[in-house]
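Peer 1: This is start02.tsv, which holds TSV, C-alpha atoms:
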```
chain	number	residue	atom	x	y	z
N	1411	MET	CA	7.15	-10.44	-16.50
N	1412	SER	CA	9.74	-8.46	-14.62
N	1413	ILE	CA	11.25	-5.15	-15.64
N	1414	PRO	CA	15.03	-4.92	-15.25
N	1415	ILE	CA	16.09	-2.18	-12.87
N	1416	ASP	CA	19.42	-0.38	-13.03
N	1417	PRO	CA	21.71	-1.46	-10.22
N	1418	PRO	CA	22.05	1.33	-7.68
N	1419	PRO	CA	25.20	3.41	-8.02
N	1420	THR	CA	28.05	2.73	-5.60
N	1421	SER	CA	27.07	5.90	-3.76
N	1422	ASP	CA	25.31	9.19	-4.44
N	1423	ARG	CA	28.57	10.19	-6.10
N	1424	LEU	CA	30.14	8.76	-9.24
N	1425	CYS	CA	32.53	6.63	-7.22
N	1426	GLY	CA	32.59	4.22	-4.34
N	1427	ASP	CA	36.07	3.26	-3.20
N	1428	GLU	CA	39.32	5.03	-3.98
N	1429	ILE	CA	42.00	3.11	-5.88
N	1430	ASP	CA	45.50	2.64	-4.55
N	1431	LEU	CA	47.87	2.98	-7.51
N	1432	ALA	CA	51.01	2.42	-5.44
N	1433	ASN	CA	51.50	-1.11	-6.83
N	1434	ASP	CA	50.18	-0.51	-10.33
N	1435	LYS	CA	53.04	1.07	-12.31
N	1436	LYS	CA	51.23	0.86	-15.66
N	1437	MET	CA	48.09	2.63	-14.41
N	1438	ASP	CA	50.25	5.15	-12.54
N	1439	SER	CA	51.91	5.97	-15.87
N	1440	VAL	CA	48.49	6.39	-17.55
N	1441	ILE	CA	47.38	8.78	-14.80
N	1442	LYS	CA	50.59	10.83	-15.11
N	1443	LYS	CA	50.04	11.15	-18.88
N	1444	LEU	CA	46.43	12.27	-18.37
N	1445	VAL	CA	47.46	14.89	-15.79
N	1446	ALA	CA	50.27	16.14	-18.03
N	1447	ASN	CA	47.88	16.41	-20.99
N	1448	LEU	CA	45.23	18.24	-18.96
N	1449	SER	CA	47.88	20.59	-17.51
N	1450	THR	CA	48.71	22.06	-20.93
N	1451	ASP	CA	47.96	25.69	-21.76
N	1452	ASN	CA	45.01	24.53	-23.92
N	1453	ASN	CA	43.33	22.98	-20.87
N	1454	CYS	CA	44.13	23.98	-17.29
N	1455	GLY	CA	47.28	25.92	-18.13
N	1456	SER	CA	50.72	25.32	-16.74
N	1457	LYS	CA	51.32	28.62	-14.95
N	1458	ASP	CA	52.32	28.36	-11.30
N	1459	PHE	CA	49.62	30.33	-9.45
N	1460	SER	CA	51.35	30.03	-6.07
N	1461	ASP	CA	51.44	33.84	-5.79
N	1462	PHE	CA	47.61	33.86	-5.60
N	1463	GLY	CA	47.40	33.00	-1.91
N	1464	ASP	CA	49.07	29.60	-1.70
N	1465	ASN	CA	51.96	29.41	0.71
N	1466	PRO	CA	55.09	28.64	-1.38
N	1467	SER	CA	56.81	27.04	1.61
N	1468	ASP	CA	54.06	24.36	1.65
N	1469	GLU	CA	54.73	23.30	-1.96
N	1470	ASP	CA	56.54	20.07	-2.75
N	1471	LYS	CA	59.23	21.25	-5.16
N	1472	SER	CA	60.15	17.65	-6.13
N	1473	LYS	CA	56.89	17.23	-8.10
N	1474	PRO	CA	56.00	19.17	-11.24
N	1475	TYR	CA	53.38	21.83	-10.62
N	1476	THR	CA	49.94	21.17	-12.04
N	1477	ASN	CA	46.66	23.06	-12.03
N	1478	VAL	CA	44.70	19.79	-12.23
N	1479	LEU	CA	42.84	18.31	-9.27
N	1480	PHE	CA	42.01	14.64	-9.81
N	1481	ASP	CA	40.74	11.49	-8.17
N	1482	VAL	CA	40.86	7.85	-9.24
N	1483	CYS	CA	38.09	5.62	-7.94
N	1484	LYS	CA	35.88	2.59	-8.56
N	1485	SER	CA	32.42	2.97	-10.11
N	1486	ASN	CA	29.73	0.59	-11.36
N	1487	ILE	CA	31.26	0.59	-14.85
N	1488	GLY	CA	34.94	0.39	-13.87
N	1489	ASP	CA	37.76	2.58	-12.63
N	1490	LEU	CA	37.28	6.31	-13.21
N	1491	PHE	CA	39.71	9.21	-13.46
N	1492	ILE	CA	37.88	12.44	-12.56
N	1493	ALA	CA	39.68	15.75	-13.02
N	1494	ASP	CA	38.94	19.45	-12.65
N	1495	CYS	CA	41.07	22.50	-13.29
N	1496	LYS	CA	41.92	24.39	-10.11
N	1497	MET	CA	39.95	27.60	-9.66
N	1498	PHE	CA	41.59	30.85	-8.60
N	1499	GLY	CA	40.40	34.20	-7.31
N	1500	ASN	CA	36.78	34.90	-8.20
N	1501	GLN	CA	36.61	32.20	-10.89
N	1502	VAL	CA	33.34	30.20	-10.71
N	1503	ASN	CA	33.49	27.83	-13.71
N	1504	THR	CA	36.07	25.14	-14.33
N	1505	GLU	CA	36.72	22.45	-16.91
N	1506	THR	CA	35.88	18.89	-15.84
N	1507	TRP	CA	36.72	15.47	-17.34
N	1508	PHE	CA	35.68	11.88	-16.56
N	1509	TYR	CA	37.74	9.06	-18.08
N	1510	LEU	CA	37.08	5.33	-17.88
N	1511	LEU	CA	40.35	3.48	-17.19
N	1512	LYS	CA	40.74	-0.01	-18.60
N	1513	PRO	CA	43.81	-2.25	-18.44
N	1514	ASN	CA	45.71	-2.48	-21.73
N	1515	ALA	CA	43.56	0.23	-23.38
N	1516	GLU	CA	43.62	3.98	-23.81
N	1517	PRO	CA	41.51	5.89	-21.28
N	1518	LYS	CA	38.02	6.52	-22.66
N	1519	LEU	CA	36.63	10.05	-22.30
N	1520	LEU	CA	33.13	9.78	-20.79
N	1521	PHE	CA	32.51	13.47	-20.13
N	1522	ASN	CA	34.04	16.93	-20.66
N	1523	SER	CA	32.55	20.31	-19.82
N	1524	HIS	CA	33.75	23.89	-19.39
N	1525	ASN	CA	30.85	24.59	-17.03
N	1526	GLY	CA	31.99	22.66	-13.97
N	1527	PRO	CA	32.09	21.81	-11.24
N	1528	TYR	CA	29.57	19.00	-11.45
N	1529	TYR	CA	26.93	18.09	-8.86
N	1530	PRO	CA	25.69	14.47	-8.52
N	1531	LEU	CA	21.94	13.84	-8.43
N	1532	ASP	CA	19.89	11.06	-6.78
N	1533	SER	CA	18.69	9.62	-10.11
N	1534	THR	CA	20.57	7.05	-12.21
N	1535	CYS	CA	20.70	5.82	-15.79
N	1536	ASN	CA	22.45	2.64	-16.99
N	1537	GLY	CA	23.89	2.07	-13.51
N	1538	MET	CA	25.57	5.47	-13.16
N	1539	PRO	CA	24.34	8.56	-11.33
N	1540	ASP	CA	23.02	11.55	-13.22
N	1541	PHE	CA	24.60	14.92	-12.49
N	1542	MET	CA	24.33	18.56	-13.39
N	1543	THR	CA	26.64	21.47	-14.08
N	1544	SER	CA	25.88	25.12	-13.44
N	1545	GLY	CA	28.01	27.46	-15.52
N	1546	ARG	CA	27.76	31.10	-14.51
N	1547	TYR	CA	27.88	33.59	-17.38
N	1548	SER	CA	27.21	36.79	-15.44
N	1549	MET	CA	26.06	37.83	-11.98
N	1550	GLY	CA	22.49	36.99	-12.97
N	1551	GLU	CA	22.79	34.25	-15.60
N	1552	SER	CA	23.68	30.57	-15.21
N	1553	GLN	CA	23.32	27.73	-17.67
N	1554	ILE	CA	22.09	24.58	-15.93
N	1555	VAL	CA	22.76	21.30	-17.79
N	1556	TYR	CA	21.62	17.82	-16.69
N	1557	TYR	CA	23.62	14.79	-17.88
N	1558	ARG	CA	22.78	11.08	-18.10
N	1559	TYR	CA	24.97	8.07	-18.82
N	1560	ASN	CA	23.83	6.42	-22.08
N	1561	GLY	CA	25.85	3.22	-21.55
N	1562	GLN	CA	28.87	4.59	-23.45
N	1563	GLN	CA	29.36	8.16	-22.20
N	1564	TYR	CA	27.58	11.01	-20.48
N	1565	GLU	CA	25.43	13.23	-22.66
N	1566	ALA	CA	23.35	16.32	-21.98
N	1567	ALA	CA	19.73	15.36	-21.35
N	1568	TYR	CA	18.44	18.93	-21.12
N	1569	SER	CA	19.52	22.42	-20.19
N	1570	TYR	CA	18.14	25.87	-19.48
N	1571	MET	CA	19.29	29.37	-18.64
N	1572	GLU	CA	18.54	30.54	-15.13
N	1573	VAL	CA	18.19	34.32	-14.93
N	1574	GLY	CA	18.03	36.19	-11.65
N	1575	ILE	CA	17.47	39.85	-10.97
N	1576	GLY	CA	19.28	41.18	-7.94
```
Please lay out the structure from this file as structure tokens.

Peer 2:
Amino acid sequence: MSIPIDPPPTSDRLCGDEIDLANDKKMDSVIKKLVANLSTDNNCGSKDFSDFGDNPSDEDKSKPYTNVLFDVCKSNIGDLFIADCKMFGNQVNTETWFYLLKPNAEPKLLFNSHNGPYYPLDSTCNGMPDFMTSGRYSMGESQIVYYRYNGQQYEAAYSYMEVGIG
């Protein structure tokens, strides 16, 4: 009797290859809607933070400003859209989202946390890498959360508070 083993992830990250959306107008439209939604004041905010150290002469004024950093890539379960809010100044936590992109379907939210960024781990579950977040609450307190893919979405497997005395 053999025991089935999860296929290894495409890399130690969530994704393997990047996706070129240049020829996919429909998916490009989906990505633009996701970025616009995540750029709202309820998520990453829409304020232009260019006065916080960015050089305004380097900005491309033909594109709408967004505080969302994102990537689109291939994973073991399909194409992923991974986004984080930009961090400014002494900010240490950011909101993070993972969406599964499927043709002719709405993007499926696989993960959302206010305690990003995320850090991939070497272990896997259901063909996807596990990861952790470390949200800092004060100079000496961080909440560490480990996540696993349950076949449908990522869920917290366990968490703890890390307290340091400086």

Peer 1: At what distance in Å, to one decimal, does atom CA of Leu1520 of chain N lie from atom CA of Tyr1547 of chain N?

Peer 2: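 Separation between atom CA of Tyr1547 of chain N and atom CA of Leu1520 of chain N: 24.6 Å.
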
Peer 1: Name the residues in contact with segment 1478-1489 of chain N at a cut-off of 6 Å, using only C-alpha atoms, excluding same-chain residues fewer than 6 positions from it; report them as a list in words.

Peer 2: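 Once the nearby chain positions are removed, what remains is Cys1425, Gly1426, Asp1427, Glu1428, Ile1429, Cys1495, Lys1496, Leu1510 and Leu1511 of chain N.
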
Peer 1: One number please: atom CA of Ser1439 of chain N to atom CA of Ala1515 of chain N, in Å, one decimal.

Peer 2: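 Here the two named atoms are 12.6 Å from each other.
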
Peer 1: Find the residues around segment 1443-1456 of chain N up to 10 Å (only C-alpha atoms counted), leave out those fewer than 5 positions away in its own chain, and share them as a PDB file with C-alpha atoms, in the frame of the given file.

Peer 2:
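Written output follows (selection.pdb):
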```pdb
ATOM      1  CA  MET N1437      48.090   2.630 -14.410  1.00  0.00           C
ATOM      2  CA  ASP N1438      50.250   5.150 -12.540  1.00  0.00           C
ATOM      3  CA  PRO N1474      56.000  19.170 -11.240  1.00  0.00           C
ATOM      4  CA  TYR N1475      53.380  21.830 -10.620  1.00  0.00           C
ATOM      5  CA  THR N1476      49.940  21.170 -12.040  1.00  0.00           C
ATOM      6  CA  ASN N1477      46.660  23.060 -12.030  1.00  0.00           C
ATOM      7  CA  VAL N1478      44.700  19.790 -12.230  1.00  0.00           C
ATOM      8  CA  LEU N1479      42.840  18.310  -9.270  1.00  0.00           C
ATOM      9  CA  PHE N1480      42.010  14.640  -9.810  1.00  0.00           C
ATOM     10  CA  PHE N1491      39.710   9.210 -13.460  1.00  0.00           C
ATOM     11  CA  ALA N1493      39.680  15.750 -13.020  1.00  0.00           C
ATOM     12  CA  ASP N1494      38.940  19.450 -12.650  1.00  0.00           C
ATOM     13  CA  CYS N1495      41.070  22.500 -13.290  1.00  0.00           C
ATOM     14  CA  LYS N1496      41.920  24.390 -10.110  1.00  0.00           C
ATOM     15  CA  MET N1497      39.950  27.600  -9.660  1.00  0.00           C
ATOM     16  CA  THR N1504      36.070  25.140 -14.330  1.00  0.00           C
ATOM     17  CA  GLU N1505      36.720  22.450 -16.910  1.00  0.00           C
ATOM     18  CA  THR N1506      35.880  18.890 -15.840  1.00  0.00           C
ATOM     19  CA  TRP N1507      36.720  15.470 -17.340  1.00  0.00           C
ATOM     20  CA  TYR N1509      37.740   9.060 -18.080  1.00  0.00           C
ATOM     21  CA  PRO N1517      41.510   5.890 -21.280  1.00  0.00           C
ATOM     22  CA  HIS N1524      33.750  23.890 -19.390  1.00  0.00           C
TER      23      HIS N1524
END
```

Peer 1: Have a look at atom CA of Phe1541 of chain N and atom CA of Lys1518 of chain N and let me know their distance in Å, one decimal.

Peer 2: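 Here the two named atoms are 18.8 Å from each other.
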
Peer 1: Pick out the closest residue to Glu1565 of chain N from this set: N:Lys1512, N:Phe1498, N:Asp1540, N:Pro1527. Count all atoms listed in the file.

Peer 2: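 Comparing N:Lys1512, N:Phe1498, N:Asp1540, N:Pro1527 against Glu1565 of chain N, the winner is N:Asp1540.
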
Peer 1: Which one of N:Gln1563, N:Met1542, N:Tyr1568, N:Asp1434 sits closest to Phe1508 of chain N if you count only C-alpha atoms?

Peer 2: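 Residue with the minimum atom-to-atom distance to Phe1508 of chain N: N:Gln1563.
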
Peer 1: Neighbouring residues of segment 1548-1558 of chain N were defined as those with any atom within 12 Å, considering only C-alpha atoms; residues of the same chain fewer than 6 positions away were excluded. Please report them as a CSV table (one decimal) with C-alpha atoms, in the frame of the given file.

Peer 2:
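Heads up, here's the output in part.csv:
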```csv
chain,number,residue,atom,x,y,z
N,1424,LEU,CA,30.1,8.8,-9.2
N,1500,ASN,CA,36.8,34.9,-8.2
N,1501,GLN,CA,36.6,32.2,-10.9
N,1502,VAL,CA,33.3,30.2,-10.7
N,1503,ASN,CA,33.5,27.8,-13.7
N,1520,LEU,CA,33.1,9.8,-20.8
N,1521,PHE,CA,32.5,13.5,-20.1
N,1522,ASN,CA,34.0,16.9,-20.7
N,1523,SER,CA,32.6,20.3,-19.8
N,1524,HIS,CA,33.8,23.9,-19.4
N,1525,ASN,CA,30.8,24.6,-17.0
N,1526,GLY,CA,32.0,22.7,-14.0
N,1527,PRO,CA,32.1,21.8,-11.2
N,1528,TYR,CA,29.6,19.0,-11.4
N,1529,TYR,CA,26.9,18.1,-8.9
N,1530,PRO,CA,25.7,14.5,-8.5
N,1531,LEU,CA,21.9,13.8,-8.4
N,1532,ASP,CA,19.9,11.1,-6.8
N,1533,SER,CA,18.7,9.6,-10.1
N,1534,THR,CA,20.6,7.0,-12.2
N,1535,CYS,CA,20.7,5.8,-15.8
N,1536,ASN,CA,22.4,2.6,-17.0
N,1537,GLY,CA,23.9,2.1,-13.5
N,1538,MET,CA,25.6,5.5,-13.2
N,1539,PRO,CA,24.3,8.6,-11.3
N,1540,ASP,CA,23.0,11.6,-13.2
N,1541,PHE,CA,24.6,14.9,-12.5
N,1542,MET,CA,24.3,18.6,-13.4
N,1564,TYR,CA,27.6,11.0,-20.5
N,1565,GLU,CA,25.4,13.2,-22.7
N,1566,ALA,CA,23.4,16.3,-22.0
N,1567,ALA,CA,19.7,15.4,-21.4
N,1568,TYR,CA,18.4,18.9,-21.1
N,1569,SER,CA,19.5,22.4,-20.2
N,1570,TYR,CA,18.1,25.9,-19.5
N,1571,MET,CA,19.3,29.4,-18.6
N,1572,GLU,CA,18.5,30.5,-15.1
N,1573,VAL,CA,18.2,34.3,-14.9
N,1574,GLY,CA,18.0,36.2,-11.6
N,1575,ILE,CA,17.5,39.8,-11.0
N,1576,GLY,CA,19.3,41.2,-7.9
```

Peer 1: Please produce segment 1486-1514 of chain N, completed to N, CA and C atoms, as a JSON list (two decimals), in the frame of the given file.

Peer 2:
```json
[["chain", "number", "residue", "atom", "x", "y", "z"],
["N", 1486, "ASN", "N", 30.47, 1.77, -10.86],
["N", 1486, "ASN", "CA", 29.73, 0.59, -11.36],
["N", 1486, "ASN", "C", 30.22, 0.12, -12.71],
["N", 1487, "ILE", "N", 30.84, 0.99, -13.50],
["N", 1487, "ILE", "CA", 31.26, 0.59, -14.85],
["N", 1487, "ILE", "C", 32.77, 0.37, -14.95],
["N", 1488, "GLY", "N", 33.49, 0.58, -13.87],
["N", 1488, "GLY", "CA", 34.94, 0.39, -13.87],
["N", 1488, "GLY", "C", 35.64, 1.52, -13.14],
["N", 1489, "ASP", "N", 36.95, 1.57, -13.29],
["N", 1489, "ASP", "CA", 37.76, 2.58, -12.63],
["N", 1489, "ASP", "C", 37.65, 3.91, -13.38],
["N", 1490, "LEU", "N", 37.43, 4.99, -12.62],
["N", 1490, "LEU", "CA", 37.28, 6.31, -13.21],
["N", 1490, "LEU", "C", 38.43, 7.23, -12.79],
["N", 1491, "PHE", "N", 38.81, 8.09, -13.71],
["N", 1491, "PHE", "CA", 39.71, 9.21, -13.46],
["N", 1491, "PHE", "C", 38.85, 10.45, -13.62],
["N", 1492, "ILE", "N", 38.70, 11.23, -12.54],
["N", 1492, "ILE", "CA", 37.88, 12.44, -12.56],
["N", 1492, "ILE", "C", 38.79, 13.61, -12.28],
["N", 1493, "ALA", "N", 38.77, 14.61, -13.16],
["N", 1493, "ALA", "CA", 39.68, 15.75, -13.02],
["N", 1493, "ALA", "C", 38.94, 17.06, -13.23],
["N", 1494, "ASP", "N", 39.41, 18.08, -12.51],
["N", 1494, "ASP", "CA", 38.94, 19.45, -12.65],
["N", 1494, "ASP", "C", 40.16, 20.35, -12.70],
["N", 1495, "CYS", "N", 40.03, 21.47, -13.39],
["N", 1495, "CYS", "CA", 41.07, 22.50, -13.29],
["N", 1495, "CYS", "C", 40.89, 23.21, -11.96],
["N", 1496, "LYS", "N", 42.00, 23.59, -11.33],
["N", 1496, "LYS", "CA", 41.92, 24.39, -10.11],
["N", 1496, "LYS", "C", 41.27, 25.73, -10.45],
["N", 1497, "MET", "N", 40.55, 26.28, -9.48],
["N", 1497, "MET", "CA", 39.95, 27.60, -9.66],
["N", 1497, "MET", "C", 40.70, 28.59, -8.79],
["N", 1498, "PHE", "N", 40.83, 29.82, -9.29],
["N", 1498, "PHE", "CA", 41.59, 30.85, -8.60],
["N", 1498, "PHE", "C", 40.78, 32.13, -8.51],
["N", 1499, "GLY", "N", 41.03, 32.89, -7.46],
["N", 1499, "GLY", "CA", 40.40, 34.20, -7.31],
["N", 1499, "GLY", "C", 38.89, 34.09, -7.31],
["N", 1500, "ASN", "N", 38.24, 34.89, -8.15],
["N", 1500, "ASN", "CA", 36.78, 34.90, -8.20],
["N", 1500, "ASN", "C", 36.22, 34.03, -9.33],
["N", 1501, "GLN", "N", 37.03, 33.11, -9.83],
["N", 1501, "GLN", "CA", 36.61, 32.20, -10.89],
["N", 1501, "GLN", "C", 35.51, 31.29, -10.35],
["N", 1502, "VAL", "N", 34.46, 31.04, -11.15],
["N", 1502, "VAL", "CA", 33.34, 30.20, -10.71],
["N", 1502, "VAL", "C", 33.13, 28.97, -11.59],
["N", 1503, "ASN", "N", 33.64, 28.97, -12.80],
["N", 1503, "ASN", "CA", 33.49, 27.83, -13.71],
["N", 1503, "ASN", "C", 34.85, 27.17, -13.89],
["N", 1504, "THR", "N", 34.84, 25.86, -14.09],
["N", 1504, "THR", "CA", 36.07, 25.14, -14.33],
["N", 1504, "THR", "C", 35.81, 24.03, -15.34],
["N", 1505, "GLU", "N", 36.86, 23.57, -15.99],
["N", 1505, "GLU", "CA", 36.72, 22.45, -16.91],
["N", 1505, "GLU", "C", 36.80, 21.15, -16.13],
["N", 1506, "THR", "N", 35.96, 20.18, -16.52],
["N", 1506, "THR", "CA", 35.88, 18.89, -15.84],
["N", 1506, "THR", "C", 35.94, 17.76, -16.86],
["N", 1507, "TRP", "N", 36.61, 16.66, -16.50],
["N", 1507, "TRP", "CA", 36.72, 15.47, -17.34],
["N", 1507, "TRP", "C", 36.44, 14.23, -16.51],
["N", 1508, "PHE", "N", 35.79, 13.22, -17.12],
["N", 1508, "PHE", "CA", 35.68, 11.88, -16.56],
["N", 1508, "PHE", "C", 36.25, 10.94, -17.61],
["N", 1509, "TYR", "N", 37.18, 10.08, -17.20],
["N", 1509, "TYR", "CA", 37.74, 9.06, -18.08],
["N", 1509, "TYR", "C", 37.51, 7.69, -17.46],
["N", 1510, "LEU", "N", 37.16, 6.72, -18.29],
["N", 1510, "LEU", "CA", 37.08, 5.33, -17.88],
["N", 1510, "LEU", "C", 38.45, 4.71, -18.13],
["N", 1511, "LEU", "N", 39.02, 4.11, -17.09],
["N", 1511, "LEU", "CA", 40.35, 3.48, -17.19],
["N", 1511, "LEU", "C", 40.18, 1.98, -17.34],
["N", 1512, "LYS", "N", 40.80, 1.44, -18.38],
["N", 1512, "LYS", "CA", 40.74, -0.01, -18.60],
["N", 1512, "LYS", "C", 42.16, -0.52, -18.80],
["N", 1513, "PRO", "N", 42.47, -1.68, -18.23],
["N", 1513, "PRO", "CA", 43.81, -2.25, -18.44],
["N", 1513, "PRO", "C", 44.07, -2.50, -19.92],
["N", 1514, "ASN", "N", 45.26, -2.23, -20.36],
["N", 1514, "ASN", "CA", 45.71, -2.48, -21.73],
["N", 1514, "ASN", "C", 44.89, -1.73, -22.78]]
```
